[in-house]
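J.: Would you mind keeping the following structure in view while I ask a few things?
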Amino acid sequence: MGTKGVRAEREPAERLPVARVCVDVPLAHLDRPFDYLVPAADDEAAQPGVRVKVRFAGQQVNGFLLSRVESSDHGGKLAYLEKVVSPERVLDPEIATLARAIADRYAGNLADVLRLAVPPRHARVETQSSPAAADSEPPERPDAAASPDAAVSPHAAVSPHAASPDATASLEAASPGAVASRDVASPDAVVSQDVASPGAVVSQDVASPEAAGGPGAPADAAVPVDPDVTVSTNDAAHPAGGWDSYLAGPAYLRAVREGRPARAVWSALPGEDWPARIAEAAAATVLGGRGVVIVVADARDLDRVDRALAETLGEGRHVALNAALGPSERYRRFLAASRHQVPVVVGTRAAVWAPVPRLGLVVIWDDGDDVHAEPRAPYPHARDVLLTRARLADCAALVGGFARTGEGQLLLETGWAREIVADRAVLRRRSPAIAPTGDDFQLARDPGAVVARLPSLAWQTAKQALQAGAPVLVQVPRRGYLPSVACAECRAPARCPHCAGPLGLHGARDVPVCHWCGRAAADYSCPHCHDRRLRASVIGARRTAEELGRAFPGFPVRTSGREQVLSEVPAAPAVVVSTPGAEPLAEGGFGAVLLLDTWALLSRADLRAAEETMRRWLNAAALARPAHEGGRVVVVADGSLAPVQALIRWDPGWFAARELAERRDLGFPPAARMASVTGQAAAVAELLSLTHLPDGAELLGPVPASDEQERMLLRVTRSRAAELAHALHEAAGVRSARKAALPVRIQVDPAELF
DNA sequence: TCAATCCGTATC
DNA sequence: ATACGGATTGAC
């Protein structure tokens with residue numbers, strides 16, 4: 001063949017002739033770099049971070065060039081790189097290291113993680129924006145000397161005397177075999193030292209060069225509560241905007257501007273313009289010459305932060321990575337970040353992987369939202385990726401929300417992060433008046449309200465707000481989450497005898513339960529035909545909206561749900577019926593918020609039920625006006641329940657501490673580390689038999705999963721988490737080497753436990 | 001004693 | 001998927 005002749009004439013590059021490549025093969029036993037010779041002709045293009053094509057096991061496969069080294073440990077003879085797909089260095093060294101760490105943490109393959117981290121190439125986009133970018137690239141990278149990129153240039157990096165092939169600074173990440181990080185400041189490692197006082201652990205922060213360097217810098221990088229900060233005239237010199245409403249807010253902004261690795265869990269005040277706060281934190285970081293990555297849950301939140309950033313930073317200083325973008329626009333924006341043309345990236349889940357120059361701050365908003373969990377292998381959680389990234393880059397981190405997750409609480413209790421909260425007095429000024437209602441069910445006197453009876457407090461509160469000219473938000477459960485039921489005889493929807501909410505059937509229980517107030521209706525009989533039999537039906541938000549509309553005659557009713565999300569409503573009287581997460585903003589805030597979504601609270605099967613309820617309530621209640629402007633919240637639930645108590649006092653910290661304590665008692669995440677193994681029984685058994693479980697590991701299960709599948713849970717202490725992941729990955733490697741036919745799914749920290 | 005064939009394993 | 005090494009087999 002002609003090609004063979006050409007190949008025979010190829011010569012290896014003169015310097016650093018060996019390329020270490022991560023091949024795109026999803027097999028656990030091949031999760032390590034493979035060495036190839038760099039043809040002299042590709043010497044220039046074959047830089048760390050580029051996509052390559054190589055011949056692997058007789059096939060052409062894609063891969064990423066991780067590093068260039070002097071020689072290979074491989075005994076056999078090396079093949080040449082087949083080709084450098086493009087000289088574009090799409091895998092940033094920081095991201096390569098991060099990806100390896102995340103693969104290890106989640107018992108997954110580097111190749112799988114890289115598929116999540118680097119978007120598919122779009123050649124046209126690359127060449128379209130390339131000439132200009134190439135021309136302006138050196139000036140566009142003011143950090144070139146300090147950036148890791150400089151170090152990964154094979155020519156710059158390696159002295160001829162470099163003894164070990166791996167002496168090259170490169171994208172090369174730790175080997176998969178490297179078990180636990182020894183970094184005491186890591187979230188995981190810290191947890192193993194439960195006895196250590198927060199102060200002792202936080203003092204690790206001081207080891208960062210920035211924190212140690214500045215004489216004016218407070219010793220504690222995580223920013224302690226400092227009374228002077230909130231009151232003093234410093235605010236004038238360094239305007240903190242809305243951050244001065246929080247005790248440690250201005251100090252936190254100062255820390256990020258000075259490049260200190262301040263890490264905080266932020267409990268936003270009700271009514272907070274949180275996108276503006278995040279934009280201010282980003283701006284402070286950029287002012288200090290560092291980059292920022294911001295992750296939010298959905299397109300609407302993204303839109304808000306996008307606009308806030310444009311306002312605060314000016315145009316062209318950030319890009320928004322939206323999951324809904326087409327491949328070319330997605331790649332275009334990724335390239336803008338990758339080429340260090342913008343210092344700030346905001347986006348949904350996948351944006352955790354966005355390269356930015358000199359990362360100084362990572363932000364995640366509403367980390368309890370389940371969309372932050374990646375559904376593709378190895379199922380990493382955005383919060384986890386970001387915090388790992390902050391640890392590796394030794395940069396600042398901000399975990400913000402109206403609610404606080406168990407994980408956020410753990411960061412505080414281990415001293416890894418500090419709290420950013422408002423003073424009680426400030427909180428009181430900003431909060432709506434919040435009251436539960438459970439017992440006070442009456443028929444509203446208003447004849448129009450006969451169809452959909454609400455608890456009278458809820459009805460009166462809404463009515464008053466409407467009459468005062470304000471919009472009212474009604475949060476109802478999402479359709480399809482739970483089947484509703486209707487009378488088997490006359491098909492009339494089965495209604496709660498107390499509050500007229502829709503009755504539903506929970507799992508195995510055959511006692512219908514109200515979706516709104518949670519009461520069981522054990523002896524239900526149809527009010528129309530008195531039949532006692534029920535059949536499944538579906539009642540959605542729209543139907544609820546119609547009925548609520550009749551309860552408030554003369555006022556417009558609007559709905560916001562999954563399919564059609566309202567983003568904002570004017571400051572005019574209207575009833576807005578919304579499912580959780582789809583609540584629009586109201587200009588000036590809602591006059592009243594009614595919380596009828598209590599089903600999650602009742603489903604005891606879900607470990608996170610109470611936390612999730614709390615989160616939905618706080619997110620909706622945060623949209624109400626403060627009490628002194630008439631803002632009121634009514635939650636239709638028993639006032640003695642912990643989430644209701646926490647809501648009334650607006651104390652997400654108290655609730656999260658309580659949740660975490662409970663999970664510690666029960667040995668549940670995040671207090672313990674769990675993993676699940678799912679597949680056909682024989683495959684699960686095989687994998688477990690191959691797993692060298694860490695000391696003290698517990699096996700729970702099997703629990704049946706969907707069709708023919710079963711699921712085993714493994715539990716270890718957090719100090720053994722890395723060992724467990726390593727053991728599972730090794731076992732998966734043995735199976736894949738054997739070409740095991742039946743697949744098993746390994747999930748570390750699975751999003752759904754039961 | 002050597003070539004043809006089979007099987008398991010690594011994949012650079 | 002394919003390529004290779006080592007073991008196995010069968011003919012001389």
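A note on labels: chains of the structure tokens are A, B, ... as shown, every chain counts residues from 1, and ligands are counted from 1 in their shown order.
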With only C-alpha atoms (C1' of nucleotides) considered, list every residue of chain A at most 10 Å from chain C, as a list in words.
T.: Phe56, Ala57, Gly58 and Gln59 of chain A
J.: Near chain B, meaning an atom within 7 Å, which residues of chain A appear when counting only C-alpha atoms (C1' of nucleotides)? Write them as JSON, numbers by chain.
T.: {"A": [34, 35, 36, 56, 57, 74, 78, 79]}
J.: Suppose you want the space between CA of Leu116 (chain A) and CA of Arg349 (chain A); what is it in Å?
T.: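 Calculated distance between CA of Leu116 (chain A) and CA of Arg349 (chain A) is 10.0 Å.
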J.: What does the distance between CA of Val485 (chain A) and CA of His530 (chain A) come to in Å, to one decimal place?
T.: 14.9 Å
J.: Could you tell me how far CA of Ala373 (chain A) sits from CA of Leu386 (chain A), in Å to one decimal place?
T.: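 Distance reported for this atom pair: 12.2 Å.
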J.: Can you check which residues of region 269-351 of chain A DSSP gives as strand (DSSP E) on the backbone and send them as a ChimeraX atom specification?
T.: /A:291-295,318-321,344-347
